[in-house]
Amino acid sequence: MYTLLSVSIAILAGLMMTRAFKPFKLPSVTAYLVAGVLIGPYFLGALGIEGLGFNTGEQVASLSLISEVALGFIAFSIGNEFRLEDLKETGRQAIIIGIFQALTATLLVDLSLFVVHLILPEKLSMPQVITLGAIATATAPAATLMVVRQYKAKGPLTSLLLPIVALDDAVGLVVFAVSFGIARTLQSGAVDLVSILLNPFIEIVASLLLGAVMGWVLTQLERLFNSNTNRLNLAIAFVFLTASLAMLEFDIGPVHISFSSLLVCMMLGTIFCNICPLSHDLMGAADKWTSPLFALFFVISGAELELNVFSDAAIVAIGFVYILSRCAGKYFGAAISAKATNCSPSICKYLGITLFPQAGVALGMCATAMQLGEAGSLIRNITLFAILIYELLGPMATKQALTLSGDIKPMPEDVKNRRKLKLEAAKQGKNSKQA
């Protein structure tokens, strides 16, 4: 009972917060995150009233399945951006920019935190510096996709942005696996080439292969149904199934086999949209079905943010160094590589800003970093602090960048007038019935 009550309150709180934020013209993602913070364990949840909010972190964690499903649908939608006819124009640019900006962010974070290590070696060790630099590669595809959808962004920047955000997951996995392997070597003194090189390669290949197989099977099964409703139900079921299969992990000798949920579901969407002739319609229908799921996902994400990280001045200081150096890496890495690939001036100027948000993938990396013991705890707290800032300010920055680039266009005056006339007519009709 209390779980259902908490879920319903979470969605309602998110929706009400979007109304409260409307005068400020802020993205809905920011409103959902703030709503999550307010009903989380540090505000209303702290009152201890069952059902009013999330009383403990354990209650929030109990809804992790919702987050996994939501990320699966987000990745599935992003896979739709990898249509071959579109990639012929932007594919080369997306690959070069995606790799270069991720590596630039890692390099600048590593250099900045290395300086902090030299000044405060007792607060920040080299394994922590290297691991945080790797975490800097990751972006938040969920926040970016929600902003694009809400404002119906469309144009050269958006067409390039979504494939780059998707590529970040693959690049981030490789960089993190290698960097974390080096960090563990520095801490323990034992070199493990399997975990540094082989495991991340296998994870990426296995994820893409599993997603491709599931996409092909989904397309074959779609042909058995004539009803669009049944086709939609099948597509939704396959996203659930694929997300669940992506949670599998096992060992074959010294090799660890695991999957990236984002990569698997992204590949599912990519194969499906390229070989199924009805994919455009089904993707559009799926987007409408997943709207409340995404709202709940961001409210839960807001409730997960641990505000107690502000109590440690060292974490706040290191966190700000991490945030500023990562933003500089994303911005200048994107600008330099975009210019090198002959992108338009607006893309060179604004693309990096849209890559600031960070969340889900970085949290997964934090969980792995906990293997470093106490060093992992500091990494987690610094990353949580950064995510809190990124998630609240990142969507606003993305919206502003897309607006300035021209991909988000203001509502035409004739549309505004039509809506105003409809609203006035509805009010007049209501008043006449009451009379």
# chains A, B, ... in the order shown; residues from 1 in each chain; ligands from 1
$ residues_around --residues "Val37 of chain A" --least-positions-apart "6" --cutoff "9 Å" --atoms "only C-alpha atoms" --output "ChimeraX atom specification"
/A:43-44,299-307
$ residues_around --residues "Val148 of chain A" --least-positions-apart "4" --cutoff "9 Å" --atoms "only C-alpha atoms" --output "VMD selection string"
chain A and resid 143 to 144 152 to 154 158 398 to 399 402 408
$ select_by_dssp --residues "segment 51-293 of chain A" --states "strand (DSSP E or B)" --output "ChimeraX atom specification"
/A:53,249-252,255-258
$ residues_around --residues "Leu221 of chain A" --least-positions-apart "4" --cutoff "10 Å" --atoms "only C-alpha atoms" --output "list in words"
Trp216, Val217, Phe225, Arg231, Leu234 and Ala235 of chain A
$ residues_around --residues "segment 95-111 of chain A" --least-positions-apart "5" --cutoff "6 Å" --atoms "only C-alpha atoms" --output "PDB file with C-alpha atoms, in the first residue's frame"
ATOM      1  CA  VAL A 129      42.078  11.212  -9.129  1.00  0.00           C
ATOM      2  CA  GLY A 133      38.675  11.525 -14.293  1.00  0.00           C
ATOM      3  CA  ALA A 134      37.140   8.446 -15.899  1.00  0.00           C
ATOM      4  CA  ALA A 136      33.849  12.589 -16.029  1.00  0.00           C
ATOM      5  CA  THR A 137      33.266  11.002 -19.464  1.00  0.00           C
ATOM      6  CA  ILE A 164      26.943  11.706 -29.204  1.00  0.00           C
ATOM      7  CA  SER A 325      37.145  21.083 -15.075  1.00  0.00           C
ATOM      8  CA  ARG A 326      34.638  18.562 -16.494  1.00  0.00           C
ATOM      9  CA  GLY A 329      36.586  19.558 -20.975  1.00  0.00           C
ATOM     10  CA  LYS A 330      33.134  18.906 -22.431  1.00  0.00           C
ATOM     11  CA  GLY A 333      36.484  19.196 -26.453  1.00  0.00           C
ATOM     12  CA  ALA A 334      33.186  19.486 -28.314  1.00  0.00           C
ATOM     13  CA  SER A 337      36.336  18.554 -32.575  1.00  0.00           C
TER      14      SER A 337
END
$ closest_residue --among "A:Leu378, A:Ile318, A:Val178, A:Leu392" --to "Leu120 of chain A" --atoms "only C-alpha atoms"
A:Ile318
$ select_by_dssp --residues "segment 105-181 of chain A" --states "helix (DSSP H, G or I)" --output "JSON, numbers by chain"
{"A": [105, 106, 107, 108, 109, 110, 111, 112, 113, 114, 115, 116, 117, 118, 119, 126, 127, 128, 129, 130, 131, 132, 133, 134, 135, 141, 142, 143, 144, 145, 146, 147, 148, 149, 150, 156, 157, 158, 159, 160, 161, 162, 163, 164, 165, 166, 167, 168, 169, 170, 171, 172, 173, 174, 175, 176, 177, 178, 179, 180, 181]}
$ residues_around --residues "Ser28 of chain A" --least-positions-apart "6" --cutoff "10 Å" --atoms "only C-alpha atoms" --output "CSV table (one decimal) with C-alpha atoms, in the first residue's frame"
chain,number,residue,atom,x,y,z
A,14,GLY,CA,6.5,16.1,-10.0
A,15,LEU,CA,3.5,17.4,-12.0
A,17,MET,CA,6.2,21.2,-9.4
A,18,THR,CA,6.2,21.7,-13.2
A,19,ARG,CA,3.3,24.2,-12.6
A,21,PHE,CA,8.2,26.3,-12.2
A,22,LYS,CA,6.2,27.4,-15.2
A,34,VAL,CA,13.3,19.3,-7.2
A,143,ALA,CA,17.9,14.5,-19.0
A,146,MET,CA,13.6,14.9,-21.9
A,147,VAL,CA,14.5,18.4,-22.7
A,150,GLN,CA,9.5,18.7,-24.1
A,151,TYR,CA,10.5,21.6,-26.3
A,295,ALA,CA,8.4,11.7,-14.8
A,298,PHE,CA,13.4,11.8,-12.4
A,395,PRO,CA,18.8,20.7,-18.1
A,396,MET,CA,18.4,24.5,-18.0
$ residues_around --residues "Val69 of chain A" --least-positions-apart "3" --cutoff "7 Å" --atoms "only C-alpha atoms" --output "JSON, numbers by chain"
{"A": [65, 66, 72, 73, 240, 243]}
$ closest_residue --among "A:Cys348, A:Cys273, A:Ile130, A:Ala246" --to "Leu186 of chain A" --atoms "only C-alpha atoms"
A:Ile130
$ closest_residue --among "A:Lys349, A:Arg149, A:Lys25, A:Arg380" --to "Gly319 of chain A" --atoms "only C-alpha atoms"
A:Arg380
$ residues_around --residues "segment 237-239 of chain A" --least-positions-apart "5" --cutoff "10 Å" --atoms "only C-alpha atoms" --output "ChimeraX atom specification"
/A:69-70,72-73,75-76,214-215,217-218,231-232,244-245,264-266,268-269
$ write_last_selection --atoms "N, CA and C atoms" --output "mmCIF file, in the first residue's frame"
data_model
loop_
_atom_site.group_PDB
_atom_site.id
_atom_site.type_symbol
_atom_site.label_atom_id
_atom_site.label_comp_id
_atom_site.auth_asym_id
_atom_site.auth_seq_id
_atom_site.Cartn_x
_atom_site.Cartn_y
_atom_site.Cartn_z
ATOM 1 N N VAL A 69 13.907 0.206 -15.756
ATOM 2 C CA VAL A 69 12.970 0.150 -16.887
ATOM 3 C C VAL A 69 12.973 1.477 -17.640
ATOM 4 N N ALA A 70 12.943 2.589 -16.892
ATOM 5 C CA ALA A 70 12.929 3.905 -17.529
ATOM 6 C C ALA A 70 14.186 4.121 -18.358
ATOM 7 N N GLY A 72 15.922 1.846 -19.733
ATOM 8 C CA GLY A 72 15.789 0.981 -20.902
ATOM 9 C C GLY A 72 15.007 1.664 -22.015
ATOM 10 N N PHE A 73 13.897 2.327 -21.663
ATOM 11 C CA PHE A 73 13.092 3.023 -22.669
ATOM 12 C C PHE A 73 13.809 4.260 -23.199
ATOM 13 N N ALA A 75 17.092 4.582 -23.521
ATOM 14 C CA ALA A 75 18.090 4.074 -24.465
ATOM 15 C C ALA A 75 17.428 3.587 -25.757
ATOM 16 N N PHE A 76 16.272 2.953 -25.639
ATOM 17 C CA PHE A 76 15.516 2.484 -26.803
ATOM 18 C C PHE A 76 15.149 3.663 -27.702
ATOM 19 N N MET A 214 18.091 -9.090 -30.145
ATOM 20 C CA MET A 214 16.746 -8.780 -29.653
ATOM 21 C C MET A 214 16.004 -7.866 -30.621
ATOM 22 N N GLY A 215 16.717 -6.927 -31.259
ATOM 23 C CA GLY A 215 16.077 -6.052 -32.239
ATOM 24 C C GLY A 215 15.593 -6.819 -33.450
ATOM 25 N N VAL A 217 14.799 -10.078 -33.538
ATOM 26 C CA VAL A 217 13.674 -10.921 -33.121
ATOM 27 C C VAL A 217 12.405 -10.087 -32.984
ATOM 28 N N LEU A 218 12.527 -8.890 -32.411
ATOM 29 C CA LEU A 218 11.355 -8.012 -32.266
ATOM 30 C C LEU A 218 10.755 -7.682 -33.626
ATOM 31 N N ARG A 231 1.199 -4.292 -31.732
ATOM 32 C CA ARG A 231 2.605 -4.049 -32.058
ATOM 33 C C ARG A 231 3.274 -3.219 -30.963
ATOM 34 N N LEU A 232 2.552 -2.208 -30.476
ATOM 35 C CA LEU A 232 3.090 -1.377 -29.396
ATOM 36 C C LEU A 232 3.300 -2.202 -28.133
ATOM 37 N N SER A 244 15.837 -6.660 -18.718
ATOM 38 C CA SER A 244 16.055 -7.709 -17.706
ATOM 39 C C SER A 244 17.235 -8.604 -18.079
ATOM 40 N N LEU A 245 17.364 -8.946 -19.376
ATOM 41 C CA LEU A 245 18.496 -9.770 -19.813
ATOM 42 C C LEU A 245 19.826 -9.030 -19.624
ATOM 43 N N VAL A 264 22.648 -2.082 -24.539
ATOM 44 C CA VAL A 264 21.803 -3.163 -25.055
ATOM 45 C C VAL A 264 20.488 -2.597 -25.595
ATOM 46 N N CYS A 265 19.814 -1.777 -24.797
ATOM 47 C CA CYS A 265 18.513 -1.236 -25.216
ATOM 48 C C CYS A 265 18.669 -0.229 -26.346
ATOM 49 N N MET A 266 19.791 0.489 -26.373
ATOM 50 C CA MET A 266 20.055 1.406 -27.483
ATOM 51 C C MET A 266 20.209 0.625 -28.784
ATOM 52 N N LEU A 268 18.947 -2.322 -29.382
ATOM 53 C CA LEU A 268 17.604 -2.829 -29.694
ATOM 54 C C LEU A 268 16.844 -1.804 -30.522
ATOM 55 N N GLY A 269 16.844 -0.535 -30.077
ATOM 56 C CA GLY A 269 16.153 0.513 -30.815
ATOM 57 C C GLY A 269 16.778 0.797 -32.166
#
$ closest_atom_pairs --of "segment 184-285 of chain A" --to "segment 360-375 of chain A" --cutoff "12 Å" --atoms "only C-alpha atoms" --output "Markdown table"
| residue | atom | partner | partner_atom | distance |
| --- | --- | --- | --- | --- |
| A:Arg184 | CA | A:Leu372 | CA | 7.1 |
| A:Thr185 | CA | A:Leu372 | CA | 10.6 |
| A:Leu186 | CA | A:Leu372 | CA | 10.8 |
| A:Gln187 | CA | A:Leu372 | CA | 8.0 |
| A:Ser188 | CA | A:Leu372 | CA | 9.6 |
| A:Ser260 | CA | A:Val361 | CA | 9.4 |
| A:Ser261 | CA | A:Val361 | CA | 9.8 |
| A:Leu262 | CA | A:Val361 | CA | 8.6 |
| A:Leu263 | CA | A:Val361 | CA | 10.9 |
$ write_last_selection --atoms "N, CA and C atoms" --output "compact mmCIF listing (two decimals), in the first residue's frame"
# COMPACT_ATOMS: atom_id res chain seq x y z
N ARG A 184 43.23 0.56 -9.26
CA ARG A 184 43.37 -0.61 -8.36
C ARG A 184 44.81 -1.11 -8.32
N THR A 185 45.48 -1.01 -9.47
CA THR A 185 46.89 -1.42 -9.51
C THR A 185 47.74 -0.52 -8.61
N LEU A 186 47.48 0.79 -8.67
CA LEU A 186 48.22 1.73 -7.82
C LEU A 186 47.96 1.47 -6.34
N GLN A 187 46.71 1.06 -6.04
CA GLN A 187 46.35 0.84 -4.64
C GLN A 187 46.89 -0.48 -4.10
N SER A 188 46.84 -1.53 -4.95
CA SER A 188 47.23 -2.86 -4.47
C SER A 188 48.61 -3.29 -4.94
N SER A 260 25.89 -3.72 -20.50
CA SER A 260 25.45 -2.35 -20.22
C SER A 260 24.00 -2.23 -20.66
N SER A 261 23.10 -1.97 -19.70
CA SER A 261 21.69 -1.86 -20.01
C SER A 261 21.42 -0.78 -21.06
N LEU A 262 22.12 0.35 -20.94
CA LEU A 262 21.92 1.43 -21.90
C LEU A 262 22.35 1.01 -23.30
N LEU A 263 23.51 0.36 -23.41
CA LEU A 263 23.99 -0.06 -24.73
C LEU A 263 23.09 -1.12 -25.35
$ atom_distance --atom1 "atom CA of Cys276 of chain A" --atom2 "atom CA of Asn233 of chain A"
15.4 Å
$ atom_distance --atom1 "atom CA of Pro200 of chain A" --atom2 "atom CA of Ala140 of chain A"
20.1 Å
$ decode --residues "segment 108-149 of chain A" --atoms "C-alpha atoms" --output "PDB file, in the first residue's frame"
ATOM      1  CA  LEU A 108      41.218  18.091 -17.781  1.00  0.00           C
ATOM      2  CA  VAL A 109      39.642  16.502 -14.698  1.00  0.00           C
ATOM      3  CA  ASP A 110      42.742  14.339 -14.183  1.00  0.00           C
ATOM      4  CA  LEU A 111      45.059  17.352 -14.483  1.00  0.00           C
ATOM      5  CA  SER A 112      42.948  19.571 -12.211  1.00  0.00           C
ATOM      6  CA  LEU A 113      42.523  16.951  -9.514  1.00  0.00           C
ATOM      7  CA  PHE A 114      46.210  16.036  -9.751  1.00  0.00           C
ATOM      8  CA  VAL A 115      46.996  19.619  -8.698  1.00  0.00           C
ATOM      9  CA  VAL A 116      44.576  19.190  -5.775  1.00  0.00           C
ATOM     10  CA  HIS A 117      46.355  15.930  -4.921  1.00  0.00           C
ATOM     11  CA  LEU A 118      49.698  17.738  -4.804  1.00  0.00           C
ATOM     12  CA  ILE A 119      48.238  20.362  -2.455  1.00  0.00           C
ATOM     13  CA  LEU A 120      46.122  18.002  -0.316  1.00  0.00           C
ATOM     14  CA  PRO A 121      47.606  14.508  -0.675  1.00  0.00           C
ATOM     15  CA  GLU A 122      45.908  13.378   2.557  1.00  0.00           C
ATOM     16  CA  LYS A 123      42.467  14.261   1.139  1.00  0.00           C
ATOM     17  CA  LEU A 124      42.776  13.021  -2.458  1.00  0.00           C
ATOM     18  CA  SER A 125      44.914  10.073  -3.580  1.00  0.00           C
ATOM     19  CA  MET A 126      46.064   9.234  -7.101  1.00  0.00           C
ATOM     20  CA  PRO A 127      43.662   6.237  -7.447  1.00  0.00           C
ATOM     21  CA  GLN A 128      40.820   8.642  -6.623  1.00  0.00           C
ATOM     22  CA  VAL A 129      42.078  11.212  -9.129  1.00  0.00           C
ATOM     23  CA  ILE A 130      42.259   8.659 -11.947  1.00  0.00           C
ATOM     24  CA  THR A 131      38.835   7.181 -11.159  1.00  0.00           C
ATOM     25  CA  LEU A 132      37.091  10.571 -10.978  1.00  0.00           C
ATOM     26  CA  GLY A 133      38.675  11.525 -14.293  1.00  0.00           C
ATOM     27  CA  ALA A 134      37.140   8.446 -15.899  1.00  0.00           C
ATOM     28  CA  ILE A 135      33.702   9.135 -14.391  1.00  0.00           C
ATOM     29  CA  ALA A 136      33.849  12.589 -16.029  1.00  0.00           C
ATOM     30  CA  THR A 137      33.266  11.002 -19.464  1.00  0.00           C
ATOM     31  CA  ALA A 138      29.662  10.060 -18.680  1.00  0.00           C
ATOM     32  CA  THR A 139      26.683  12.264 -19.527  1.00  0.00           C
ATOM     33  CA  ALA A 140      22.965  11.922 -18.747  1.00  0.00           C
ATOM     34  CA  PRO A 141      21.022  10.756 -21.814  1.00  0.00           C
ATOM     35  CA  ALA A 142      17.766  10.821 -19.841  1.00  0.00           C
ATOM     36  CA  ALA A 143      17.883  14.535 -19.009  1.00  0.00           C
ATOM     37  CA  THR A 144      18.978  15.477 -22.517  1.00  0.00           C
ATOM     38  CA  LEU A 145      16.260  13.418 -24.181  1.00  0.00           C
ATOM     39  CA  MET A 146      13.553  14.873 -21.909  1.00  0.00           C
ATOM     40  CA  VAL A 147      14.547  18.449 -22.748  1.00  0.00           C
ATOM     41  CA  VAL A 148      14.586  17.646 -26.470  1.00  0.00           C
ATOM     42  CA  ARG A 149      11.122  16.085 -26.241  1.00  0.00           C
TER      43      ARG A 149
END
